Amino acid sequence: MKKDKFKIANQILESRLIVGTGKYKNFKETAMAVKASGASMVTVAVRRVNITDKKKPLLMDYLDPRKIKYLPNTAGCFSSSEALRTLRLAREMGGWKTVKLEVLGDKKTLLPDMIETIKSTKVLVKEGFKVLVYCTDDPLLAKRLEDLGASAIMPLASPIGSGLGIQNKINISLIIKQSKVPVIIDAGIGTASDATIAMEMGCDGVLINSAIAKAKNPILMAQSFKNAVISGRQSYLSGRMKKNFFGSPSSPIKGII
Amino acid sequence: MAKIQLNGKKITINQKVSLFDLLKKYKLDKKKVAIELNGSIISKSRYKKKLIKNDDKIEIVHFIGGG
């Protein structure tokens, strides 16, 4: 069998699990959870340096960007101009060209503003960014993003941090079927089995933050997600059995005494 | 003295101070930050040459944990 490779924007990732680095108790816990998850890519946010506290620890001191790929995001941006500003700063910081675009439209649901998202994708692709785009689970909009040059489509399972799992399997399946770029489920995964379901459906990867960070034991949950994603992928590649309406005996009928 | 706004805070610094000096003052590693001066991103190679003027608005950002 050909080796099963996960490739985004010409970069091969060892793991199909991408993890967020927010919401942890401290950087030490973040680093331990990332390690346990086996992820080779992590999302990070761009924020102001704290100028009043010079001794504040830095994320980079705990997660070495030379060892683990940083995927800068635009979390908290509610307009195209804010998102573009954030990602241009991220690129200046260390040459990051592979980025996650996320333009939110509503503070309560944190659902993406697809008009601003499409606008930003156009500009970023033109500027040479490799853009992974957080989006709604609308197949038509996902196609539009792919046509504009998005490097990956990242539809939500359900709202960010909700833990509700995949709410519209039909739409996600349609997106998987039509996409030639990787489809990564982003947002809304609540527990390991949700990730397995996404992978069994044929998603190329999943991005998890809250489900790990907000578990009672984040390190163990990170490990659980690692296994869940591997398991789901293997199951997808294996090709599941057909569903039947009636029972089918597992032991031969012939030779019954 | 020059009055500037740094990361939303009003501060006063000496005249003829460069962005490079400003990073040094706050013990920041230039490899770990990006700087925006009056809305434009300044490339790292220009930090030494770029002198801060009165009324400048400076933003220094870095990466933090995020989803």
# chains A, B, ... in the order shown; residues from 1 in each chain; ligands from 1
>>> residues_around(residues="stretch 16-21 of chain B", least_positions_apart="4", cutoff="6 Å", atoms="only C-alpha atoms", output="VMD selection string")
chain B and resid 47 to 48 50 to 52
>>> interface_residues(of="chain B", to="chain A", cutoff="12 Å", atoms="only C-alpha atoms", output="PyMOL selection string")
chain B and resi 5-11+22-37+39-45+58-67
>>> atom_distance(atom1="atom CA of A:Asp113", atom2="atom CA of A:Thr191")
26.0 Å
>>> select_by_dssp(residues="chain B", states="strand (DSSP E)", output="JSON, numbers by chain")
{"B": [2, 3, 4, 5, 6, 9, 10, 11, 12, 13, 34, 35, 36, 37, 40, 41, 42, 57, 58, 59, 60, 61, 62, 63, 64, 65]}
>>> write_last_selection(atoms="C-alpha atoms", output="CSV table (one decimal), in the first residue's frame")
chain,number,residue,atom,x,y,z
B,2,ALA,CA,9.2,62.0,22.7
B,3,LYS,CA,5.6,61.1,23.6
B,4,ILE,CA,4.5,58.0,21.9
B,5,GLN,CA,1.8,55.3,22.1
B,6,LEU,CA,3.2,51.8,22.6
B,9,LYS,CA,-0.2,52.9,26.4
B,10,LYS,CA,1.1,56.4,26.4
B,11,ILE,CA,4.8,56.5,27.3
B,12,THR,CA,7.6,59.0,27.1
B,13,ILE,CA,11.0,58.0,25.7
B,34,ALA,CA,6.8,42.0,14.8
B,35,ILE,CA,6.5,45.8,14.8
B,36,GLU,CA,3.9,48.1,13.3
B,37,LEU,CA,4.8,51.8,13.2
B,40,SER,CA,2.9,50.1,8.5
B,41,ILE,CA,4.8,46.9,9.2
B,42,ILE,CA,8.5,47.6,9.6
B,57,LYS,CA,1.9,54.9,17.4
B,58,ILE,CA,3.8,51.6,17.8
B,59,GLU,CA,2.5,48.1,18.1
B,60,ILE,CA,4.8,45.2,19.1
B,61,VAL,CA,3.1,41.8,18.8
B,62,HIS,CA,4.1,38.2,19.4
B,63,PHE,CA,2.6,34.8,19.3
B,64,ILE,CA,0.5,33.5,22.1
B,65,GLY,CA,-1.7,30.4,22.6
>>> closest_residue(among="A:Ala215, A:Leu174, A:Leu110, A:Val183", to="A:Lys7", atoms="only C-alpha atoms")
A:Val183
>>> atom_distance(atom1="atom CA of A:Ser151", atom2="atom CA of A:Val133")
7.8 Å
>>> closest_residue(among="A:Ser120, A:Asn168, A:Thr98, A:Gln11", to="A:Leu132", atoms="only C-alpha atoms")
A:Thr98
>>> select_by_dssp(residues="stretch 71-213 of chain A", states="helix (DSSP H, G or I)", output="MDAnalysis selection string")
chainID A and resid 80:94 114:126 139:148 169:178 192:201 210:213
>>> residues_around(residues="A:Gly163", least_positions_apart="4", cutoff="9 Å", atoms="only C-alpha atoms", output="PyMOL selection string")
chain A and resi 157-159+187-191+210-211
>>> residues_around(residues="A:Lys119", least_positions_apart="2", cutoff="10 Å", atoms="only C-alpha atoms", output="ChimeraX atom specification")
/A:79-81,114-117,121-124,145,148
